[in-house]
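Dumped work04.csv below, it's CSV, C-alpha atoms:
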```csv
chain,number,residue,atom,x,y,z
A,27,MET,CA,-76.0,81.8,24.8
A,28,GLY,CA,-78.6,84.5,24.5
A,29,LYS,CA,-78.3,88.2,23.9
A,30,ILE,CA,-76.3,90.5,26.1
A,31,ILE,CA,-77.4,94.1,26.2
A,32,GLU,CA,-76.8,97.1,28.3
A,33,ASN,CA,-79.4,98.8,30.6
A,34,THR,CA,-82.2,98.3,28.1
A,35,ILE,CA,-85.3,96.1,28.4
A,36,PRO,CA,-86.0,94.3,25.1
A,37,ASP,CA,-89.5,94.2,23.8
A,38,GLU,CA,-89.4,90.4,23.9
A,39,VAL,CA,-88.9,90.5,27.7
A,40,ILE,CA,-91.8,92.9,28.3
A,41,THR,CA,-94.0,90.8,26.1
A,42,LYS,CA,-93.1,87.6,27.9
A,43,LEU,CA,-93.7,89.3,31.3
A,44,ASN,CA,-97.2,90.1,30.1
A,45,GLN,CA,-97.9,86.6,28.9
A,46,VAL,CA,-96.7,84.3,31.8
A,47,ASN,CA,-98.6,83.4,34.9
A,48,SER,CA,-95.7,82.0,36.9
A,49,LEU,CA,-92.6,83.9,37.7
A,50,VAL,CA,-89.6,83.1,39.9
A,51,VAL,CA,-87.2,85.8,40.8
A,52,PHE,CA,-83.8,84.5,41.9
A,53,THR,CA,-81.8,87.1,43.8
A,54,GLY,CA,-78.1,87.2,44.9
A,55,ALA,CA,-76.0,89.6,46.9
A,56,GLY,CA,-75.9,92.1,44.0
A,57,ILE,CA,-79.4,93.2,44.6
A,58,SER,CA,-78.5,94.4,48.1
A,59,SER,CA,-75.0,95.8,47.4
A,60,SER,CA,-76.3,99.4,46.9
A,61,ALA,CA,-77.7,99.2,50.4
A,62,GLY,CA,-74.2,98.5,51.8
A,63,ILE,CA,-74.6,94.8,52.4
A,64,PRO,CA,-71.3,93.0,51.8
A,65,THR,CA,-71.0,90.6,48.8
A,66,LEU,CA,-69.0,87.4,48.5
A,67,THR,CA,-68.2,87.6,44.8
A,68,GLY,CA,-68.6,90.0,41.9
A,69,PRO,CA,-67.3,93.5,41.0
A,70,ARG,CA,-68.5,95.1,44.2
A,71,CYS,CA,-67.1,92.4,46.5
A,72,SER,CA,-66.5,93.7,50.0
A,73,PRO,CA,-63.1,93.5,51.6
A,74,ILE,CA,-64.6,91.6,54.4
A,75,TRP,CA,-64.6,88.5,52.3
A,76,GLU,CA,-61.0,88.8,51.3
A,77,TYR,CA,-59.8,87.4,54.7
A,78,ASN,CA,-58.9,83.8,54.4
A,79,PHE,CA,-60.2,82.9,57.8
A,80,ILE,CA,-63.8,84.0,57.1
A,81,ASN,CA,-65.1,80.7,55.7
A,82,ASP,CA,-63.3,78.8,58.5
A,83,LEU,CA,-64.7,81.2,61.2
A,84,LEU,CA,-68.3,80.9,60.0
A,85,SER,CA,-68.3,77.1,59.9
A,86,ALA,CA,-70.6,74.7,61.7
A,87,GLU,CA,-67.6,73.1,63.4
A,88,LYS,CA,-66.2,76.4,64.8
A,89,ILE,CA,-69.4,78.5,65.4
A,90,PRO,CA,-70.5,76.7,68.6
A,91,GLY,CA,-67.4,78.0,70.4
A,92,LYS,CA,-68.7,81.5,70.1
A,93,HIS,CA,-65.2,83.0,69.9
A,94,ILE,CA,-65.0,86.8,70.1
A,95,LEU,CA,-64.1,86.9,66.4
A,96,HIS,CA,-67.4,85.2,65.6
A,97,LEU,CA,-69.3,87.8,67.5
A,98,ARG,CA,-67.4,90.7,66.0
A,99,LEU,CA,-68.0,89.4,62.5
A,100,LEU,CA,-71.7,88.5,63.0
A,101,ASP,CA,-72.5,91.8,64.8
A,102,ASN,CA,-70.7,93.8,62.1
A,103,LEU,CA,-72.9,92.1,59.4
A,104,LEU,CA,-76.0,92.3,61.6
A,105,GLU,CA,-75.6,96.1,62.0
A,106,LYS,CA,-75.1,96.6,58.3
A,107,VAL,CA,-78.4,94.7,57.6
A,108,LYS,CA,-80.4,96.4,60.3
A,109,THR,CA,-79.4,99.9,59.1
A,110,ALA,CA,-79.8,99.1,55.4
A,111,PRO,CA,-82.9,100.2,53.6
A,112,PRO,CA,-84.6,98.1,51.0
A,113,THR,CA,-83.3,99.1,47.6
A,114,LEU,CA,-85.3,100.4,44.6
A,115,ALA,CA,-85.0,96.8,43.2
A,116,HIS,CA,-86.5,95.3,46.4
A,117,LEU,CA,-89.3,97.8,46.4
A,118,SER,CA,-90.1,97.2,42.7
A,119,LEU,CA,-90.3,93.5,43.2
A,120,ALA,CA,-92.7,93.8,46.1
A,121,LYS,CA,-95.1,95.8,44.0
A,122,ILE,CA,-95.5,93.2,41.2
A,123,ALA,CA,-96.4,90.1,43.1
A,124,ASN,CA,-100.1,90.4,42.4
A,125,LYS,CA,-99.5,90.6,38.6
A,126,PHE,CA,-98.9,86.9,38.4
A,127,THR,CA,-100.9,83.8,39.4
A,128,ASN,CA,-97.7,82.3,40.9
A,129,PHE,CA,-94.9,84.6,42.0
A,130,HIS,CA,-92.0,83.5,44.1
A,131,ILE,CA,-88.7,85.0,45.3
A,132,VAL,CA,-85.8,82.6,45.9
A,133,SER,CA,-82.9,84.4,47.6
A,134,GLN,CA,-79.4,83.4,48.4
A,135,ASN,CA,-79.0,86.5,50.6
A,136,PHE,CA,-78.7,86.6,54.4
A,137,ASP,CA,-80.4,90.0,54.8
A,138,ASP,CA,-84.2,90.7,55.3
A,139,LEU,CA,-84.6,93.4,52.7
A,140,HIS,CA,-87.1,91.5,50.6
A,141,GLN,CA,-89.3,91.1,53.7
A,142,ARG,CA,-88.9,94.7,54.8
A,143,ALA,CA,-89.9,95.8,51.3
A,144,ASN,CA,-93.1,93.8,51.9
A,145,SER,CA,-92.4,90.8,49.6
A,146,ASN,CA,-94.2,87.8,51.1
A,147,GLY,CA,-93.2,84.2,51.0
A,148,CYS,CA,-89.5,84.6,50.1
A,149,LEU,CA,-87.6,81.3,50.1
A,150,MET,CA,-84.4,82.1,51.9
A,151,LEU,CA,-81.8,79.5,50.9
A,152,HIS,CA,-79.1,80.7,53.2
A,153,GLY,CA,-81.2,81.8,56.2
A,154,GLU,CA,-81.3,85.3,57.8
A,155,ILE,CA,-78.7,86.9,59.9
A,156,THR,CA,-81.4,88.7,61.9
A,157,LYS,CA,-82.6,85.4,63.4
A,158,THR,CA,-81.0,82.9,65.7
A,159,ARG,CA,-81.9,79.2,66.0
A,160,CYS,CA,-81.8,76.9,69.0
A,161,LEU,CA,-79.3,74.1,68.7
A,162,ASN,CA,-81.7,71.9,70.8
A,163,CYS,CA,-85.3,72.4,69.6
A,164,ASN,CA,-84.7,74.5,66.4
A,165,LEU,CA,-86.8,77.4,67.6
A,166,LEU,CA,-86.2,80.6,65.6
A,167,GLU,CA,-86.0,83.9,67.4
A,168,ILE,CA,-85.4,87.4,66.0
A,169,ILE,CA,-82.3,89.1,67.5
A,170,GLU,CA,-83.6,92.3,69.1
A,171,THR,CA,-80.1,93.3,70.4
A,172,ASN,CA,-77.0,91.8,69.0
A,173,TYR,CA,-75.2,88.5,68.9
A,174,LYS,CA,-72.9,89.3,71.8
A,175,MET,CA,-75.9,90.0,74.1
A,176,HIS,CA,-78.3,87.4,72.6
A,177,TRP,CA,-75.8,84.5,72.9
A,178,GLN,CA,-75.6,85.1,76.6
A,179,THR,CA,-79.2,84.0,76.9
A,180,LYS,CA,-80.7,80.5,76.4
A,181,CYS,CA,-83.8,79.2,74.6
A,182,ARG,CA,-86.8,78.5,76.7
A,183,CYS,CA,-85.9,74.8,76.3
A,184,GLY,CA,-82.5,75.5,77.8
A,185,GLY,CA,-80.7,75.1,74.5
A,186,ALA,CA,-77.9,77.4,73.2
A,187,TRP,CA,-78.2,79.6,70.1
A,188,ARG,CA,-76.6,79.5,66.7
A,189,PRO,CA,-77.1,81.9,63.7
A,190,ASP,CA,-79.9,81.1,61.4
A,191,LEU,CA,-77.4,81.0,58.5
A,192,LEU,CA,-76.2,78.2,56.2
A,193,LEU,CA,-72.6,78.1,57.3
A,194,PHE,CA,-69.7,77.5,54.9
A,195,ASP,CA,-69.3,73.8,55.6
A,196,GLU,CA,-73.0,72.9,55.9
A,197,ALA,CA,-75.2,71.3,53.3
A,198,MET,CA,-78.6,72.9,52.5
A,199,SER,CA,-81.5,70.8,53.9
A,200,GLU,CA,-83.0,68.5,51.3
A,201,LYS,CA,-86.5,69.9,52.0
A,202,LEU,CA,-85.5,73.5,51.4
A,203,TRP,CA,-83.6,72.6,48.2
A,204,GLN,CA,-86.5,70.5,46.9
A,205,GLN,CA,-88.8,73.6,47.4
A,206,ALA,CA,-86.4,75.7,45.3
A,207,GLU,CA,-86.0,73.1,42.7
A,208,ASN,CA,-89.7,72.6,42.3
A,209,LEU,CA,-90.2,76.3,41.8
A,210,ALA,CA,-87.5,76.4,39.1
A,211,GLN,CA,-89.0,73.3,37.4
A,212,SER,CA,-92.6,74.7,37.3
A,213,CYS,CA,-92.1,78.4,36.5
A,214,GLU,CA,-92.7,79.8,33.0
A,215,MET,CA,-90.1,82.6,33.5
A,216,LEU,CA,-87.1,83.1,35.8
A,217,VAL,CA,-85.4,86.4,36.4
A,218,ALA,CA,-82.0,86.3,38.1
A,219,ILE,CA,-80.9,89.5,39.8
A,220,GLY,CA,-77.4,90.1,41.2
A,221,SER,CA,-76.3,86.5,41.4
A,222,SER,CA,-72.8,85.4,40.3
A,223,GLY,CA,-74.0,81.8,40.0
A,224,GLN,CA,-70.9,80.6,41.8
A,225,VAL,CA,-72.6,79.7,45.1
A,226,LEU,CA,-74.1,76.2,44.9
A,227,PRO,CA,-76.6,74.6,44.9
A,228,GLY,CA,-78.6,77.8,44.3
A,229,GLY,CA,-76.6,78.7,41.2
A,230,LEU,CA,-78.0,75.6,39.5
A,231,LEU,CA,-81.6,76.9,39.5
A,232,PRO,CA,-81.4,78.8,36.2
A,233,ALA,CA,-80.1,75.7,34.4
A,234,ILE,CA,-82.9,73.7,35.9
A,235,ALA,CA,-85.5,76.2,34.8
A,236,ARG,CA,-84.1,76.4,31.3
A,237,ARG,CA,-84.1,72.6,30.9
A,238,ARG,CA,-87.8,72.7,31.7
A,239,GLY,CA,-88.6,75.3,29.0
A,240,ALA,CA,-88.7,78.5,31.1
A,241,PHE,CA,-87.8,81.9,29.6
A,242,LEU,CA,-84.8,83.3,31.4
A,243,VAL,CA,-83.6,86.9,32.0
A,244,GLU,CA,-80.4,87.9,33.9
A,245,ILE,CA,-79.8,91.3,35.5
A,246,ASN,CA,-76.2,91.9,36.6
A,247,LEU,CA,-73.3,94.4,36.3
A,248,ILE,CA,-71.2,91.9,34.3
A,249,PRO,CA,-71.7,88.6,32.6
A,250,THR,CA,-71.4,85.6,35.0
A,251,GLU,CA,-70.8,81.9,34.9
A,252,ILE,CA,-74.5,81.3,34.5
A,253,THR,CA,-75.0,83.8,31.6
A,254,PRO,CA,-75.1,81.1,28.9
A,255,HIS,CA,-78.3,79.7,30.4
A,256,PHE,CA,-80.3,83.0,29.8
A,257,HIS,CA,-82.2,84.2,26.8
A,258,PHE,CA,-81.3,87.8,27.7
A,259,THR,CA,-78.6,89.2,30.0
A,260,ILE,CA,-79.2,92.9,30.8
A,261,LEU,CA,-76.0,94.6,32.1
A,262,GLY,CA,-76.7,97.3,34.6
A,263,SER,CA,-77.5,98.2,38.2
A,264,SER,CA,-80.4,96.3,39.6
A,265,ASP,CA,-81.8,99.6,41.0
A,266,GLU,CA,-81.9,101.0,37.5
A,267,VAL,CA,-83.0,98.0,35.5
A,268,VAL,CA,-85.5,96.3,37.8
A,269,PRO,CA,-87.9,99.4,38.1
A,270,LYS,CA,-87.9,99.8,34.3
A,271,MET,CA,-88.6,96.1,33.8
A,272,PHE,CA,-91.5,95.8,36.1
```

Is it possible to express this structure as structure tokens?
Amino acid sequence: MGKIIENTIPDEVITKLNQVNSLVVFTGAGISSSAGIPTLTGPRCSPIWEYNFINDLLSAEKIPGKHILHLRLLDNLLEKVKTAPPTLAHLSLAKIANKFTNFHIVSQNFDDLHQRANSNGCLMLHGEITKTRCLNCNLLEIIETNYKMHWQTKCRCGGAWRPDLLLFDEAMSEKLWQQAENLAQSCEMLVAIGSSGQVLPGGLLPAIARRRGAFLVEINLIPTEITPHFHFTILGSSDEVVPKMF
């Protein structure tokens, strides 16, 4: 296990940031919590996730039924995302992309705050709640209204819609996971922000990067299950730590 420090950026971290050419930033729900986006785990876990039926409700088996409870939950989350502003951490990350030859964000979040902060090329492991996908032809479409209204329409091919989300009983596509794994294997440095590491397979990325010799830094409110993989863990709010770091 590396060093655990509070709200301070070590000189070793700054030096490494100035040396590396390839950086992967791995973000979890904690980076968006200050914007009011619910989190699944961690100290700021939202009560919405405490209901035992949530993971059953948002399942690939149940979601095609489009029950009123699906719509209420999805529209509640969609409204939170649409009204949430990108945080200071999101904005700081968007500003540093050009400092590195290879810079990538890999996110486990379902919001679009990285994109609205003008970070390009984010790899969204769990999809985006602001988009819907055709069950027939896989066409993606942005939801301009809400799920209740959008699901009353059909795709131009005649197919029905489903959320562009990785649902609780679904496996991530092999192609998407291979992209994420390749980034972790090839980066010189990985910075994880607001991830508990409990949600797999994304939570495996820090260990993969460490095995390939990358320098790892974690930013979180508390130590996590993946803390032992990091050279440094900085305890503090991402909105405070990330702007100071970059």

Which residues, written as number ranges by chain, have at least one atom at most 6 Å from Trp187 of chain A, with only C-alpha atoms counted and residues fewer than 6 positions away on the same chain left out?
-> A: 159-161

Which of A:Leu149, A:Leu242, A:Met271, A:Trp177 sits closest to Glu207 of chain A [using all atoms listed in the file] | A:Leu149

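Nearest to Leu166 of chain A of all the residues A:Leu231, A:Ala55, A:Cys181, A:Ile248 is A:Cys181, based on all atoms listed in the file.
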
Please tabulate, as a tab-separated table, the residues of segment 116-201 of chain A that come within 10 Å of segment 60-66 of chain A, each with its closest pair of atoms and the distance in Å to one decimal, counting only C-alpha atoms and ordering rows by chain, then residue number upward.
```
residue	atom	partner	partner_atom	distance
A:Asn135	CA	A:Thr65	CA	9.2
A:Phe136	CA	A:Ile63	CA	9.4
A:Asp137	CA	A:Ile63	CA	7.9
A:Leu139	CA	A:Ala61	CA	9.3
```

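The spacing separating atom CA of Thr156 of chain A from atom CA of Leu100 of chain A amounts to 9.8 Å.
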
Where does segment 176-246 of chain A meet segment 108-128 of chain A within 12 Å, residue by residue, with the nearest atom pair and distance in Å to one decimal for each, counting all atoms listed in the file, listed by chain and rising number, as CSV?
```
residue,atom,partner,partner_atom,distance
A:Leu209,CA,A:Asn128,CA,9.6
A:Ala210,CA,A:Asn128,CA,11.9
A:Ser212,CA,A:Asn128,CA,9.8
A:Cys213,CA,A:Asn128,CA,8.1
A:Glu214,CA,A:Asn128,CA,9.7
A:Met215,CA,A:Asn128,CA,10.6
A:Leu216,CA,A:Asn128,CA,11.8
A:Val217,CA,A:Leu119,CA,11.0
A:Ile219,CA,A:Ala115,CA,9.0
A:Gly220,CA,A:Ala115,CA,10.3
A:Ile245,CA,A:Ala115,CA,10.8
```

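Interatomic distance, atom CA of Glu266 of chain A to atom CA of Asn33 of chain A: 7.7 Å.
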
Excluding Val243 of chain A and any residue of its chain fewer than 6 positions from it, enumerate the residues within 12 Å of it, using only C-alpha atoms, and give them as an NGL selection string.
-> :A and (27-31 or 35-36 or 38-40 or 42-43 or 49-53 or 214-221 or 232-233 or 235-236 or 252-261 or 267-268 or 271)

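When all atoms listed in the file are used to measure the gap to Arg237 of chain A, the shortest distance among A:Cys163, A:Gln211, A:His130, A:His140 belongs to A:Gln211.
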
When distances are computed from only C-alpha atoms, which of A:Asn162, A:Ser264, A:Gln204, A:Asn44 shows the smallest separation from Gly184 of chain A?
-> A:Asn162

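Checking A:Leu226, A:Met175, A:Leu95, A:Leu104 one by one against Leu151 of chain A, counting only C-alpha atoms, you find the shortest gap at A:Leu226.
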
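Of the residues listed (A:Ala197, A:Val225, A:Ile94, A:Ile131), A:Ile131 shows the shortest atom-to-atom separation from Asn146 of chain A; distances use all atoms listed in the file.
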
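Here atom CA of Ile169 of chain A and atom CA of Lys157 of chain A stand 5.5 Å from one another.
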